[in-house]
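Engineer: Provided below: protein.txt, containing compact mmCIF, C-alpha atoms.
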```txt
# COMPACT_ATOMS: atom_id res chain seq x y z
CA MET A 218 -164.93 -15.54 -38.48
CA LYS A 219 -161.52 -16.72 -37.32
CA ARG A 220 -158.77 -14.34 -36.35
CA ASP A 221 -155.84 -14.26 -38.79
CA LYS A 222 -152.76 -13.11 -36.87
CA ALA A 223 -150.69 -12.84 -40.05
CA LEU A 224 -153.30 -10.55 -41.61
CA MET A 225 -153.34 -8.42 -38.47
CA GLY A 226 -149.58 -8.01 -38.71
CA ASP A 227 -149.81 -7.18 -42.42
CA ILE A 228 -152.44 -4.53 -41.70
CA LEU A 229 -150.21 -2.91 -39.08
CA LYS A 230 -147.26 -2.89 -41.47
CA THR A 231 -149.44 -1.44 -44.22
CA LEU A 232 -150.71 1.37 -42.01
CA ALA A 233 -147.11 2.16 -41.04
CA THR A 234 -146.24 2.74 -44.72
CA PHE A 235 -148.91 5.44 -45.02
CA GLY A 236 -146.84 7.88 -42.95
CA THR A 237 -148.91 10.82 -41.79
CA THR A 238 -151.95 9.94 -43.89
CA TYR A 239 -154.70 7.70 -42.64
CA GLY A 240 -156.08 4.77 -44.62
CA ASP A 241 -159.58 3.57 -45.24
CA VAL A 242 -160.42 -0.08 -45.83
CA GLU A 243 -160.13 0.27 -49.62
CA LYS A 244 -156.69 1.86 -49.41
CA ILE A 245 -155.50 -0.84 -47.01
CA GLN A 246 -157.00 -3.54 -49.24
CA GLY A 247 -155.14 -2.16 -52.26
CA GLU A 248 -151.79 -2.36 -50.47
CA LEU A 249 -152.16 -5.90 -49.07
CA ALA A 250 -150.78 -8.86 -50.96
CA GLY A 251 -153.61 -11.04 -52.22
CA LYS A 252 -157.24 -10.08 -52.48
CA GLN A 253 -158.77 -9.76 -49.03
CA ALA A 254 -162.47 -9.04 -48.65
CA PRO A 255 -163.22 -5.59 -47.17
CA GLU A 256 -165.31 -7.20 -44.42
CA LEU A 257 -162.34 -9.36 -43.41
CA ILE A 258 -160.02 -6.34 -43.27
CA LEU A 259 -162.55 -4.33 -41.26
CA HIS A 260 -163.04 -7.20 -38.80
CA HIS A 261 -159.29 -7.42 -38.20
CA LEU A 262 -158.97 -3.63 -37.90
CA ARG A 263 -161.57 -3.78 -35.14
CA LEU A 264 -159.61 -6.53 -33.40
CA LEU A 265 -156.47 -4.38 -33.61
CA ASN A 266 -158.49 -1.46 -32.23
CA ASP A 267 -159.55 -3.66 -29.30
CA ARG A 268 -155.84 -4.01 -28.50
CA ARG A 269 -155.28 -0.24 -28.91
CA LEU A 270 -152.80 -0.83 -31.76
CA VAL A 271 -154.87 1.18 -34.25
CA ALA A 272 -157.40 3.99 -33.98
CA VAL A 273 -160.19 5.17 -36.24
CA ASP A 274 -161.53 8.67 -36.82
CA MET A 275 -165.14 9.70 -37.40
CA HIS A 276 -164.72 9.25 -41.17
CA ASN A 277 -163.59 5.62 -40.82
CA PHE A 278 -159.96 6.34 -41.61
CA TRP A 279 -157.51 4.17 -39.69
CA ARG A 280 -154.05 4.91 -38.29
CA LEU A 281 -151.46 3.28 -36.08
CA THR A 282 -151.38 4.34 -32.46
CA ASP A 283 -148.19 4.92 -30.50
CA GLN A 284 -148.61 1.38 -29.12
CA GLY A 285 -148.98 0.08 -32.67
CA TYR A 286 -145.70 1.68 -33.70
CA ASP A 287 -144.03 0.28 -30.58
CA ALA A 288 -145.29 -3.21 -31.40
CA LEU A 289 -143.86 -2.99 -34.92
CA GLU A 290 -140.55 -1.39 -33.90
CA THR A 291 -139.75 -3.80 -31.10
CA GLY A 292 -140.99 -6.86 -32.94
CA GLY A 293 -143.08 -7.49 -29.85
CA ASP A 294 -145.83 -10.00 -29.49
CA LEU A 295 -149.00 -8.41 -30.86
CA PHE A 296 -151.04 -10.93 -28.92
CA GLN A 297 -149.59 -10.50 -25.46
CA TRP A 298 -153.04 -10.08 -23.90
CA GLN A 299 -154.38 -13.53 -24.60
CA ASP A 300 -154.76 -14.25 -20.89
CA GLU A 301 -155.48 -10.73 -19.70
CA PRO A 302 -157.44 -7.91 -21.33
CA PRO A 303 -155.61 -4.91 -22.80
CA PRO A 304 -155.40 -1.83 -20.60
CA THR A 305 -158.47 0.34 -20.82
CA ASN A 306 -158.35 3.99 -21.65
CA ALA A 307 -161.47 6.02 -20.86
CA ASN A 308 -160.54 8.54 -23.55
CA ALA A 309 -159.92 5.96 -26.30
CA GLY A 310 -162.25 5.84 -29.23
CA ILE A 311 -162.92 7.96 -32.25
CA ASP A 312 -160.29 10.58 -32.97
CA ASN A 313 -161.53 14.15 -32.98
```
Let me see the structure of the file written as structure tokens.

Structural biologist:
Amino acid sequence: MKRDKALMGDILKTLATFGTTYGDVEKIQGELAGKQAPELILHHLRLLNDRRLVAVDMHNFWRLTDQGYDALETGGDLFQWQDEPPPTNANAGIDN
């Protein structure tokens, strides 16, 4: 499956509109323009998680991380780590 950078950006923007609530794949799917398959959305959420721009809790609800908000607010390049891996965080993972 190919990476769709535009979809990744749309997912980030969609999660930002949820405010303090988290979104599952179905909620995200319902807010995106066009009909995207749930598997495609989930794949891209995982890619965003790899970059630490989103996080997921134990119930599979997704949210923006602080880095995700920074990327949206600054209009920064979401794909700045093409040549180097994103920073690792030993405590990253499922929210508790």

Engineer: Env of Lys252 of chain A: 12 Å cut, atoms = only C-alpha atoms, seq-sep filter 6 positions within chain, self excluded. Answer as a CSV table (one decimal) with C-alpha atoms, keeping the file's coordinate frame.

Structural biologist:
```
chain,number,residue,atom,x,y,z
A,224,LEU,CA,-153.3,-10.6,-41.6
A,243,GLU,CA,-160.1,0.3,-49.6
A,245,ILE,CA,-155.5,-0.8,-47.0
A,246,GLN,CA,-157.0,-3.5,-49.2
A,258,ILE,CA,-160.0,-6.3,-43.3
```

Engineer: Would you please work out which residue, of A:Asp283, A:Asp241, A:Glu290, A:Glu248, is nearest to Arg268 of chain A when using all atoms listed in the file?

Structural biologist: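 Closest to Arg268 of chain A, using all atoms listed in the file: A:Asp283.
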
Engineer: Given all atoms listed in the file as the basis, pick out the residue of A:Leu249, A:Leu232, A:His261, A:Asp267 nearest to Arg280 of chain A.

Structural biologist: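 Among A:Leu249, A:Leu232, A:His261, A:Asp267, it is A:Leu232 that comes nearest to Arg280 of chain A.
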
Engineer: Just want the 8 Å neighbourhood of Gly285 of chain A, counted on all atoms listed in the file, with same-chain residues fewer than 2 positions away dropped. Output as a ChimeraX atom specification.

Structural biologist: /A:229,269-271,281-283,287-289

Engineer: Using only C-alpha atoms, pick whichever of A:Ala250, A:Glu256, A:Thr291, A:Asn277 has the shortest atom-to-atom distance to Ile228 of chain A.

Structural biologist: A:Ala250

Engineer: Rounded to one decimal in Å, what is the spacing between atom CA of Met275 of chain A and atom CA of Asp221 of chain A?

Structural biologist: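 Calculated distance between atom CA of Met275 of chain A and atom CA of Asp221 of chain A is 25.7 Å.
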
Engineer: Point out the residue among A:Gly292, A:Leu262, A:Pro255, A:Trp279 with the least atom-to-atom distance to Thr237 of chain A, counting only C-alpha atoms.

Structural biologist: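 Going through A:Gly292, A:Leu262, A:Pro255, A:Trp279 one by one, the smallest distance to Thr237 of chain A is for A:Trp279.
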
Engineer: Please put the answer as lines of an AutoDock Vina configuration file: centre and edge lengths, in Å with one decimal, of a box along x, y and z that encloses all listed atoms of segment 262-272 of chain A plus 3 Å on each side.

Structural biologist:
```
center_x = -157.2
center_y = -1.3
center_z = -33.2
size_x = 14.8
size_y = 16.5
size_z = 15.4
```

Engineer: Take atom CA of Ala233 of chain A and atom CA of Leu257 of chain A and report the distance between them in Å, one decimal.

Structural biologist: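 Between these atoms lies a distance of 19.2 Å.
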
Engineer: Report, in Å to a single decimal, how far apart atom CA of Met218 of chain A and atom CA of Lys244 of chain A are.

Structural biologist: 22.1 Å
